[in-house]
>>> print(open('entry-v9.txt').read())   # compact mmCIF, C-alpha atoms and all ligand atoms
# COMPACT_ATOMS: atom_id res chain seq x y z
CA MET A 614 -26.04 51.37 1.50
CA ILE A 615 -26.12 49.97 5.00
CA LEU A 616 -26.28 46.19 4.42
CA THR A 617 -25.16 44.14 1.44
CA LEU A 618 -25.60 40.43 0.92
CA ASP A 619 -23.31 39.16 -1.80
CA GLN A 620 -24.04 35.70 -3.24
CA VAL A 621 -24.95 34.26 0.14
CA SER A 622 -25.68 30.52 0.28
CA LYS A 623 -26.48 28.19 3.18
CA GLU A 624 -26.55 24.41 3.18
CA PHE A 625 -27.76 22.20 6.01
CA GLY A 626 -26.32 18.76 5.31
CA GLY A 627 -27.47 18.10 1.76
CA LEU A 628 -30.26 20.69 1.87
CA LYS A 629 -29.60 23.98 0.11
CA ALA A 630 -31.68 26.38 2.21
CA LEU A 631 -30.39 29.51 0.40
CA SER A 632 -28.68 29.84 -3.00
CA ASP A 633 -26.66 32.87 -4.07
CA ILE A 634 -28.80 35.53 -2.45
CA SER A 635 -27.69 39.09 -3.22
CA PHE A 636 -29.38 42.35 -2.30
CA THR A 637 -28.59 45.75 -0.87
CA VAL A 638 -30.53 47.54 1.84
CA ASN A 639 -30.25 51.32 2.03
CA LYS A 640 -30.40 53.43 5.16
CA GLY A 641 -34.01 54.27 5.99
CA ASP A 642 -35.46 51.40 3.97
CA VAL A 643 -38.29 49.24 5.19
CA PHE A 644 -37.09 46.24 3.22
CA GLY A 645 -39.49 43.31 3.02
CA VAL A 646 -38.48 39.68 2.60
CA ILE A 647 -41.41 37.58 1.47
CA GLY A 648 -41.96 34.08 0.13
CA PRO A 649 -43.73 30.79 0.87
CA ASN A 650 -43.24 28.84 4.10
CA GLY A 651 -39.86 27.15 4.20
CA ALA A 652 -38.43 29.40 1.47
CA GLY A 653 -35.42 30.33 3.64
CA LYS A 654 -36.42 33.71 5.08
CA THR A 655 -35.62 33.01 8.74
CA THR A 656 -32.37 31.35 7.67
CA LEU A 657 -31.48 34.67 6.04
CA PHE A 658 -32.01 36.47 9.37
CA ASN A 659 -29.96 33.81 11.16
CA LEU A 660 -27.09 34.44 8.75
CA ILE A 661 -27.26 38.23 9.10
CA THR A 662 -27.33 38.03 12.92
CA GLY A 663 -24.48 35.52 13.22
CA ILE A 664 -26.49 32.55 14.54
CA PHE A 665 -24.55 30.52 11.98
CA PRO A 666 -22.21 31.48 9.11
CA PRO A 667 -23.14 31.14 5.44
CA THR A 668 -21.66 28.24 3.49
CA SER A 669 -20.43 30.82 0.98
CA GLY A 670 -20.88 34.49 0.16
CA ASN A 671 -20.40 37.68 2.09
CA ILE A 672 -22.43 39.98 4.33
CA ILE A 673 -21.27 43.57 4.71
CA PHE A 674 -22.69 45.99 7.27
CA ASN A 675 -21.55 49.62 7.03
CA GLY A 676 -18.44 48.57 5.11
CA THR A 677 -17.49 45.79 7.58
CA GLU A 678 -17.65 42.07 6.81
CA ILE A 679 -19.73 40.58 9.60
CA ILE A 680 -19.44 36.91 8.66
CA GLY A 681 -18.12 34.80 11.51
CA LEU A 682 -19.00 37.34 14.20
CA LYS A 683 -20.92 36.02 17.21
CA PRO A 684 -24.52 37.23 17.56
CA TYR A 685 -23.72 39.55 20.50
CA LYS A 686 -21.00 41.23 18.41
CA VAL A 687 -23.41 41.70 15.51
CA THR A 688 -25.90 43.27 17.94
CA ALA A 689 -23.20 45.52 19.40
CA LEU A 690 -22.32 46.68 15.88
CA GLY A 691 -25.94 47.74 15.32
CA ILE A 692 -28.18 44.90 14.13
CA ALA A 693 -30.97 43.69 16.43
CA ARG A 694 -33.86 41.34 15.79
CA THR A 695 -37.09 39.84 16.98
CA PHE A 696 -37.93 36.16 16.60
CA GLN A 697 -40.75 34.35 14.83
CA ASN A 698 -41.46 32.48 18.07
CA ILE A 699 -41.61 35.01 20.86
CA ARG A 700 -38.53 34.78 23.09
CA LEU A 701 -39.16 36.79 26.23
CA PHE A 702 -38.13 36.07 29.81
CA ASP A 703 -41.53 35.22 31.28
CA ASN A 704 -40.22 35.43 34.86
CA LEU A 705 -38.99 39.02 34.37
CA THR A 706 -41.17 42.10 34.29
CA VAL A 707 -41.97 43.89 31.06
CA LEU A 708 -39.54 46.68 32.01
CA GLU A 709 -36.77 44.21 32.90
CA ASN A 710 -37.19 42.44 29.56
CA VAL A 711 -36.46 45.71 27.76
CA MET A 712 -33.53 46.50 30.08
CA VAL A 713 -31.97 43.15 29.19
CA GLY A 714 -32.01 44.31 25.57
CA ALA A 715 -29.81 47.28 26.48
CA HIS A 716 -27.18 45.02 28.00
CA SER A 717 -24.72 45.22 25.10
CA HIS A 718 -24.52 48.99 25.62
CA MET A 719 -23.85 49.01 29.38
CA LYS A 720 -20.26 49.98 30.02
CA ALA A 721 -19.98 49.39 33.77
CA SER A 722 -17.86 46.37 34.64
CA ILE A 723 -18.76 43.47 36.91
CA TRP A 724 -16.77 45.04 39.83
CA GLN A 725 -18.73 48.23 39.51
CA GLY A 726 -21.78 45.96 39.59
CA ILE A 727 -20.80 44.61 42.97
CA TRP A 728 -19.84 47.96 44.52
CA ARG A 729 -22.52 49.95 42.72
CA THR A 730 -20.48 53.02 41.94
CA PRO A 731 -22.18 56.33 41.11
CA LYS A 732 -21.24 55.69 37.48
CA GLN A 733 -23.19 52.44 37.50
CA ARG A 734 -26.18 53.99 39.21
CA ARG A 735 -26.25 56.74 36.58
CA GLU A 736 -26.01 54.16 33.81
CA GLU A 737 -28.78 52.06 35.33
CA LYS A 738 -31.06 55.06 35.57
CA ALA A 739 -30.37 55.96 31.93
CA VAL A 740 -31.16 52.39 30.86
CA THR A 741 -34.38 52.37 32.91
CA ASP A 742 -35.49 55.73 31.50
CA ARG A 743 -34.76 54.61 27.95
CA ALA A 744 -36.64 51.33 28.50
CA LYS A 745 -39.67 53.28 29.73
CA GLU A 746 -39.52 55.53 26.66
CA LEU A 747 -39.43 52.51 24.36
CA LEU A 748 -42.37 50.90 26.16
CA ALA A 749 -44.31 54.13 25.70
CA LEU A 750 -43.38 54.07 22.01
CA VAL A 751 -44.73 50.53 21.53
CA GLY A 752 -47.78 51.37 23.66
CA ILE A 753 -47.35 49.06 26.65
CA LYS A 754 -48.47 50.51 29.98
CA ALA A 755 -48.26 47.49 32.30
CA ILE A 756 -44.50 47.78 32.69
CA PHE A 757 -44.24 46.08 36.10
CA GLU A 758 -46.28 43.01 35.08
CA LEU A 759 -44.50 39.77 34.28
CA SER A 760 -44.11 39.61 30.52
CA GLY A 761 -45.89 36.23 30.43
CA ALA A 762 -49.06 37.97 31.64
CA LEU A 763 -49.29 40.18 28.54
CA ALA A 764 -51.63 39.43 25.67
CA TYR A 765 -49.97 37.92 22.63
CA GLY A 766 -50.02 41.08 20.48
CA GLN A 767 -48.45 43.04 23.35
CA GLN A 768 -45.72 40.42 23.75
CA ARG A 769 -44.82 40.92 20.09
CA ARG A 770 -44.60 44.68 20.67
CA LEU A 771 -42.51 44.08 23.78
CA GLU A 772 -40.05 42.08 21.68
CA ILE A 773 -39.71 45.08 19.38
CA ALA A 774 -39.05 47.38 22.36
CA ARG A 775 -36.42 44.96 23.64
CA ALA A 776 -34.67 44.85 20.26
CA LEU A 777 -34.73 48.66 20.07
CA ALA A 778 -33.11 48.89 23.52
CA ALA A 779 -29.87 47.77 21.87
CA ASP A 780 -30.14 50.99 19.84
CA PRO A 781 -29.64 49.19 16.52
CA GLU A 782 -29.20 50.86 13.15
CA ILE A 783 -31.00 47.92 11.55
CA LEU A 784 -34.00 46.21 13.12
CA LEU A 785 -34.91 42.76 11.78
CA LEU A 786 -38.54 41.79 12.39
CA ASP A 787 -39.45 38.13 11.84
CA GLU A 788 -43.20 37.85 11.22
CA PRO A 789 -44.18 40.58 13.70
CA ALA A 790 -47.88 40.39 12.77
CA ALA A 791 -48.17 36.62 13.26
CA GLY A 792 -51.14 35.87 15.50
CA MET A 793 -52.29 39.51 15.58
CA ASN A 794 -55.85 40.57 14.85
CA GLU A 795 -56.67 43.27 12.32
CA SER A 796 -56.56 46.23 14.69
CA GLU A 797 -53.32 45.01 16.32
CA THR A 798 -51.83 44.69 12.82
CA GLU A 799 -52.86 48.25 11.97
CA ASP A 800 -51.20 49.50 15.17
CA LEU A 801 -48.10 47.54 14.19
CA MET A 802 -48.05 49.19 10.76
CA ARG A 803 -48.05 52.60 12.42
CA LEU A 804 -45.30 51.49 14.81
CA ILE A 805 -43.06 50.25 11.99
CA THR A 806 -43.42 53.58 10.19
CA GLN A 807 -42.66 55.45 13.44
CA ILE A 808 -39.51 53.38 13.98
CA ARG A 809 -38.39 54.14 10.43
CA ASP A 810 -39.03 57.84 11.07
CA MET A 811 -36.71 57.57 14.10
CA GLY A 812 -33.94 56.93 11.57
CA LYS A 813 -33.83 53.14 11.78
CA THR A 814 -33.56 50.77 8.85
CA ILE A 815 -35.98 47.83 9.00
CA ILE A 816 -35.89 44.43 7.37
CA LEU A 817 -39.22 42.69 7.65
CA ILE A 818 -40.25 39.08 7.11
CA GLU A 819 -44.03 38.97 6.95
CA HIS A 820 -46.89 37.03 5.39
CA ASP A 821 -49.51 39.77 5.88
CA MET A 822 -49.47 41.28 2.39
CA ASN A 823 -51.51 44.33 3.38
CA LEU A 824 -48.87 45.20 5.97
CA VAL A 825 -45.96 44.40 3.64
CA MET A 826 -47.27 46.36 0.66
CA ASN A 827 -48.18 49.38 2.81
CA THR A 828 -45.01 49.66 4.90
CA CYS A 829 -42.15 48.42 2.69
CA ASN A 830 -40.50 50.59 0.05
CA ARG A 831 -38.57 47.59 -1.34
CA LEU A 832 -39.09 43.87 -1.37
CA ALA A 833 -37.14 40.72 -2.13
CA VAL A 834 -39.04 37.55 -2.89
CA ILE A 835 -37.49 34.21 -1.92
CA ASN A 836 -38.73 30.90 -3.29
CA PHE A 837 -37.03 27.55 -2.62
CA GLY A 838 -33.93 29.39 -1.33
CA SER A 839 -33.50 31.62 -4.39
CA LYS A 840 -34.36 35.26 -4.90
CA ILE A 841 -36.91 35.34 -7.70
CA ALA A 842 -37.65 39.07 -7.68
CA GLU A 843 -36.73 42.39 -6.13
CA GLY A 844 -38.45 45.74 -6.49
CA ASN A 845 -40.97 48.17 -5.06
CA PRO A 846 -44.40 46.89 -3.94
CA GLU A 847 -46.05 47.69 -7.26
CA GLU A 848 -43.38 45.87 -9.26
CA ILE A 849 -43.64 42.85 -6.99
CA GLN A 850 -47.43 42.68 -7.10
CA THR A 851 -47.42 42.65 -10.89
CA ASN A 852 -44.50 40.23 -11.33
CA SER A 853 -45.89 37.06 -12.92
CA GLU A 854 -43.26 34.74 -11.41
CA VAL A 855 -44.06 36.09 -7.92
CA ILE A 856 -47.80 35.72 -8.46
CA GLU A 857 -47.25 32.15 -9.65
CA ALA A 858 -44.95 31.19 -6.76
CA TYR A 859 -46.51 33.07 -3.88
CA LEU A 860 -49.00 35.89 -4.20
CA GLY A 861 -51.55 33.88 -6.16
CA LYS A 862 -51.74 31.28 -3.40
CA GLU A 863 -53.52 31.39 -0.07
CA GLU A 864 -50.99 31.61 2.76
CA ASP A 865 -51.67 30.66 6.37
N1 LIG B 901 -30.82 24.92 11.72
C1 LIG B 901 -31.30 24.24 10.69
N2 LIG B 901 -30.90 22.97 10.44
C2 LIG B 901 -31.38 22.29 9.39
N3 LIG B 901 -32.26 22.76 8.51
C3 LIG B 901 -32.71 24.00 8.69
C4 LIG B 901 -32.26 24.81 9.77
N4 LIG B 901 -32.89 26.03 9.70
C5 LIG B 901 -33.69 25.98 8.62
N5 LIG B 901 -33.58 24.77 8.00
C6 LIG B 901 -34.29 24.37 6.77
O1 LIG B 901 -34.07 25.39 5.81
C7 LIG B 901 -35.25 25.61 5.04
C8 LIG B 901 -35.68 27.06 5.14
O2 LIG B 901 -36.23 27.31 6.44
P1 LIG B 901 -36.60 28.76 6.99
O3 LIG B 901 -37.07 28.59 8.39
O4 LIG B 901 -35.48 29.68 6.75
O5 LIG B 901 -37.83 29.15 6.05
P2 LIG B 901 -38.83 30.36 6.17
O6 LIG B 901 -38.90 30.97 4.82
O7 LIG B 901 -38.43 31.24 7.30
O8 LIG B 901 -40.21 29.67 6.47
P3 LIG B 901 -41.46 30.16 7.36
O9 LIG B 901 -42.17 31.21 6.59
O10 LIG B 901 -42.26 28.91 7.50
O11 LIG B 901 -40.91 30.64 8.66
C9 LIG B 901 -36.30 24.63 5.55
O12 LIG B 901 -36.28 23.49 4.72
C10 LIG B 901 -35.80 24.30 6.95
O13 LIG B 901 -36.22 23.03 7.33
>>> encode(input="entry-v9.txt", output="structure tokens", more="lines below")
Ligand SMILES: Nc1ncnc2c1ncn2[C@@H]1O[C@H](COP(=O)(O)OP(=O)(O)OP(=O)(O)O)[C@@H](O)[C@H]1O
Amino acid sequence: MILTLDQVSKEFGGLKALSDISFTVNKGDVFGVIGPNGAGKTTLFNLITGIFPPTSGNIIFNGTEIIGLKPYKVTALGIARTFQNIRLFDNLTVLENVMVGAHSHMKASIWQGIWRTPKQRREEKAVTDRAKELLALVGIKAIFELSGALAYGQQRRLEIARALAADPEILLLDEPAAGMNESETEDLMRLITQIRDMGKTIILIEHDMNLVMNTCNRLAVINFGSKIAEGNPEEIQTNSEVIEAYLGKEED
């Protein structure tokens, strides 16, 4: 197992956003988290990535408790994410946006930054080369354009490249298909499978059930902050409580 959530709860004031959520993600999983709007899915990602701590419960990554760690520490340990609302630096180029994602892995100190030692130049070149590889992986060619000039679907793929630049063991994707058309979504499905084949573990929040059922090997269903089911896609699709709470309804 690579990530374990043990009875994790989160309250905001009087609102219980998550109640006693437990599940285990294994290395190489594409683990889906699904459920109606407002169920608590993004809150789950915020807890895993250290945006805020849980009210109670524990989160264990590779045998280490990660509760209370700052987001940059969680990233440095090996968990990177994308956001539901795209968060790119529009005034940086596509390539620079990915290079920013590698920041937590750059070893050269600020003094080396000023004097630009050979070590730093070597490191910079390695980061640039890696960023270009990742952009090729996600299929973006316009690497010297400002990121704001990219089409929406491409911006979502750029976010994935940026998260991968941190070389995470686990990649958290928050609604990566949101706003994508059918062919963009199909490309995304292939990309997710490719990233898994690179040895990464993926946790995916997504409303597109075709994508979820075709890419995930395991799923947890959240409803009103509680986990109502966990299983493989077939088990989830035939679970009557899940159909009642979520799958039977039209989602936006
Ligand atoms: N920082 C916060 N402060 C207060 N309440 C919050 C905060 N973050 C989330 N919530 C509340 O927690 C609940 C769960 O929200 P969350 O965004 O996790 O749901 P979600 O399942 O990701 O929904 P969606 O599919 O619409 O993105 C909601 O009632 C939301 O208003």
>>> residues_near_ligand(input="entry-v9.txt", ligand="ligand LIG 901 (chain B)", cutoff="12 Å", atoms="only C-alpha atoms and all ligand atoms", output="PyMOL selection string")
chain A and resi 622-632+646-660+664-667+696-698+786-789+791+817-821+834-840+859+864-865
>>> residues_around(input="entry-v9.txt", residues="A:Leu750", least_positions_apart="4", cutoff="12 Å", atoms="all atoms listed in the file", output="number ranges by chain")
A: 743-746, 754, 770-771, 773-775, 777-778, 800-801, 803-808, 811
>>> atom_distance(input="entry-v9.txt", atom1="atom CA of A:Glu854", atom2="atom CA of A:Lys640")
28.1 Å
>>> atom_distance(input="entry-v9.txt", atom1="atom CA of A:Asn710", atom2="atom CA of A:Glu799")
24.3 Å
>>> atom_distance(input="entry-v9.txt", atom1="atom CA of A:Glu795", atom2="atom CA of A:Leu705")
28.6 Å
>>> residues_around(input="entry-v9.txt", residues="stretch 673-679 of chain A", least_positions_apart="4", cutoff="8 Å", atoms="only C-alpha atoms", output="list of chain:residue names")
A:Met614, A:Ile615, A:Leu616, A:Thr617, A:Leu618, A:Ile661, A:Gly663, A:Val687
>>> residues_around(input="entry-v9.txt", residues="A:Asp780", least_positions_apart="2", cutoff="12 Å", atoms="all atoms listed in the file", output="PyMOL selection string")
chain A and resi 688-694+711-712+714-719+740+743-744+747+773-778+782-784+808+811-814
>>> closest_residue(input="entry-v9.txt", among="A:Ile699, A:Ile756, A:Val855, A:Met822", to="A:Arg769", atoms="only C-alpha atoms")
A:Ile699
>>> decode(input="entry-v9.txt", residues="stretch 683-790 of chain A", atoms="C-alpha atoms", output="mmCIF file, in the first residue's frame")
data_model
loop_
_atom_site.group_PDB
_atom_site.id
_atom_site.type_symbol
_atom_site.label_atom_id
_atom_site.label_comp_id
_atom_site.auth_asym_id
_atom_site.auth_seq_id
_atom_site.Cartn_x
_atom_site.Cartn_y
_atom_site.Cartn_z
ATOM 1 C CA LYS A 683 2.978 21.863 4.672
ATOM 2 C CA PRO A 684 1.915 21.345 1.043
ATOM 3 C CA TYR A 685 5.463 21.818 -0.316
ATOM 4 C CA LYS A 686 6.720 19.104 2.049
ATOM 5 C CA VAL A 687 3.971 16.738 0.918
ATOM 6 C CA THR A 688 4.968 17.436 -2.701
ATOM 7 C CA ALA A 689 8.635 16.864 -1.900
ATOM 8 C CA LEU A 690 7.734 13.513 -0.329
ATOM 9 C CA GLY A 691 6.048 12.442 -3.568
ATOM 10 C CA ILE A 692 2.431 13.609 -3.852
ATOM 11 C CA ALA A 693 1.545 16.158 -6.546
ATOM 12 C CA ARG A 694 -1.819 17.390 -7.770
ATOM 13 C CA THR A 695 -3.781 19.347 -10.296
ATOM 14 C CA PHE A 696 -6.647 21.646 -9.369
ATOM 15 C CA GLN A 697 -10.306 21.696 -10.335
ATOM 16 C CA ASN A 698 -9.902 25.333 -11.371
ATOM 17 C CA ILE A 699 -6.838 25.581 -13.554
ATOM 18 C CA ARG A 700 -3.970 27.279 -11.724
ATOM 19 C CA LEU A 701 -1.276 28.151 -14.228
ATOM 20 C CA PHE A 702 0.972 31.194 -14.403
ATOM 21 C CA ASP A 703 -0.530 32.913 -17.445
ATOM 22 C CA ASN A 704 2.421 35.306 -17.763
ATOM 23 C CA LEU A 705 4.931 32.440 -18.010
ATOM 24 C CA THR A 706 5.512 30.275 -21.045
ATOM 25 C CA VAL A 707 4.230 26.731 -21.244
ATOM 26 C CA LEU A 708 7.785 25.417 -20.694
ATOM 27 C CA GLU A 709 8.368 27.729 -17.713
ATOM 28 C CA ASN A 710 5.120 26.575 -16.104
ATOM 29 C CA VAL A 711 6.389 22.989 -16.155
ATOM 30 C CA MET A 712 9.842 24.047 -14.888
ATOM 31 C CA VAL A 713 8.183 25.710 -11.898
ATOM 32 C CA GLY A 714 6.719 22.303 -11.056
ATOM 33 C CA ALA A 715 10.223 20.850 -10.756
ATOM 34 C CA HIS A 716 11.222 23.466 -8.208
ATOM 35 C CA SER A 717 10.991 21.198 -5.161
ATOM 36 C CA HIS A 718 13.636 18.946 -6.712
ATOM 37 C CA MET A 719 16.227 21.617 -7.558
ATOM 38 C CA LYS A 720 19.154 21.331 -5.193
ATOM 39 C CA ALA A 721 21.172 24.430 -6.104
ATOM 40 C CA SER A 722 21.056 27.117 -3.432
ATOM 41 C CA ILE A 723 20.180 30.777 -3.857
ATOM 42 C CA TRP A 724 23.923 31.745 -3.912
ATOM 43 C CA GLN A 725 24.550 29.338 -6.722
ATOM 44 C CA GLY A 726 21.581 31.026 -8.377
ATOM 45 C CA ILE A 727 23.309 34.374 -8.265
ATOM 46 C CA TRP A 728 26.734 33.137 -9.395
ATOM 47 C CA ARG A 729 25.373 30.512 -11.773
ATOM 48 C CA THR A 730 27.862 27.776 -11.030
ATOM 49 C CA PRO A 731 28.403 24.908 -13.482
ATOM 50 C CA LYS A 732 26.395 22.736 -11.094
ATOM 51 C CA GLN A 733 23.413 25.043 -11.406
ATOM 52 C CA ARG A 734 23.697 25.251 -15.170
ATOM 53 C CA ARG A 735 23.736 21.446 -15.364
ATOM 54 C CA GLU A 736 20.712 21.251 -13.097
ATOM 55 C CA GLU A 737 18.837 23.859 -15.126
ATOM 56 C CA LYS A 738 19.506 21.979 -18.327
ATOM 57 C CA ALA A 739 18.273 18.732 -16.773
ATOM 58 C CA VAL A 740 15.091 20.459 -15.585
ATOM 59 C CA THR A 741 14.519 22.011 -19.030
ATOM 60 C CA ASP A 742 15.068 18.684 -20.797
ATOM 61 C CA ARG A 743 12.720 16.898 -18.414
ATOM 62 C CA ALA A 744 10.064 19.616 -18.856
ATOM 63 C CA LYS A 745 10.278 19.191 -22.636
ATOM 64 C CA GLU A 746 9.882 15.420 -22.285
ATOM 65 C CA LEU A 747 6.792 15.874 -20.131
ATOM 66 C CA LEU A 748 5.284 18.334 -22.597
ATOM 67 C CA ALA A 749 5.859 15.795 -25.364
ATOM 68 C CA LEU A 750 4.160 13.174 -23.186
ATOM 69 C CA VAL A 751 1.044 15.318 -22.707
ATOM 70 C CA GLY A 752 1.117 16.314 -26.384
ATOM 71 C CA ILE A 753 1.743 20.073 -26.202
ATOM 72 C CA LYS A 754 3.951 21.471 -28.960
ATOM 73 C CA ALA A 755 3.645 25.234 -28.417
ATOM 74 C CA ILE A 756 6.111 25.234 -25.538
ATOM 75 C CA PHE A 757 7.259 28.863 -25.900
ATOM 76 C CA GLU A 758 3.715 30.308 -25.984
ATOM 77 C CA LEU A 759 2.304 31.954 -22.881
ATOM 78 C CA SER A 760 0.204 29.359 -21.100
ATOM 79 C CA GLY A 761 -2.825 31.680 -21.183
ATOM 80 C CA ALA A 762 -2.829 31.403 -24.983
ATOM 81 C CA LEU A 763 -3.464 27.642 -24.919
ATOM 82 C CA ALA A 764 -6.886 26.148 -25.508
ATOM 83 C CA TYR A 765 -8.664 24.980 -22.381
ATOM 84 C CA GLY A 766 -8.083 21.244 -22.903
ATOM 85 C CA GLN A 767 -4.376 21.906 -23.454
ATOM 86 C CA GLN A 768 -4.188 23.971 -20.259
ATOM 87 C CA ARG A 769 -5.551 20.976 -18.348
ATOM 88 C CA ARG A 770 -2.860 18.771 -19.903
ATOM 89 C CA LEU A 771 -0.234 21.382 -19.070
ATOM 90 C CA GLU A 772 -1.316 21.218 -15.423
ATOM 91 C CA ILE A 773 -0.697 17.469 -15.506
ATOM 92 C CA ALA A 774 2.789 17.999 -16.992
ATOM 93 C CA ARG A 775 3.546 20.546 -14.288
ATOM 94 C CA ALA A 776 2.451 18.167 -11.528
ATOM 95 C CA LEU A 777 4.565 15.381 -13.051
ATOM 96 C CA ALA A 778 7.622 17.665 -13.066
ATOM 97 C CA ALA A 779 7.768 17.205 -9.295
ATOM 98 C CA ASP A 780 8.325 13.506 -10.077
ATOM 99 C CA PRO A 781 5.581 12.365 -7.695
ATOM 100 C CA GLU A 782 4.822 8.778 -6.756
ATOM 101 C CA ILE A 783 1.152 9.707 -6.478
ATOM 102 C CA LEU A 784 -0.587 12.087 -8.869
ATOM 103 C CA LEU A 785 -3.920 13.542 -7.733
ATOM 104 C CA LEU A 786 -6.124 14.719 -10.597
ATOM 105 C CA ASP A 787 -9.121 16.889 -9.671
ATOM 106 C CA GLU A 788 -11.709 16.716 -12.465
ATOM 107 C CA PRO A 789 -9.173 16.614 -15.309
ATOM 108 C CA ALA A 790 -11.863 16.144 -17.975
#
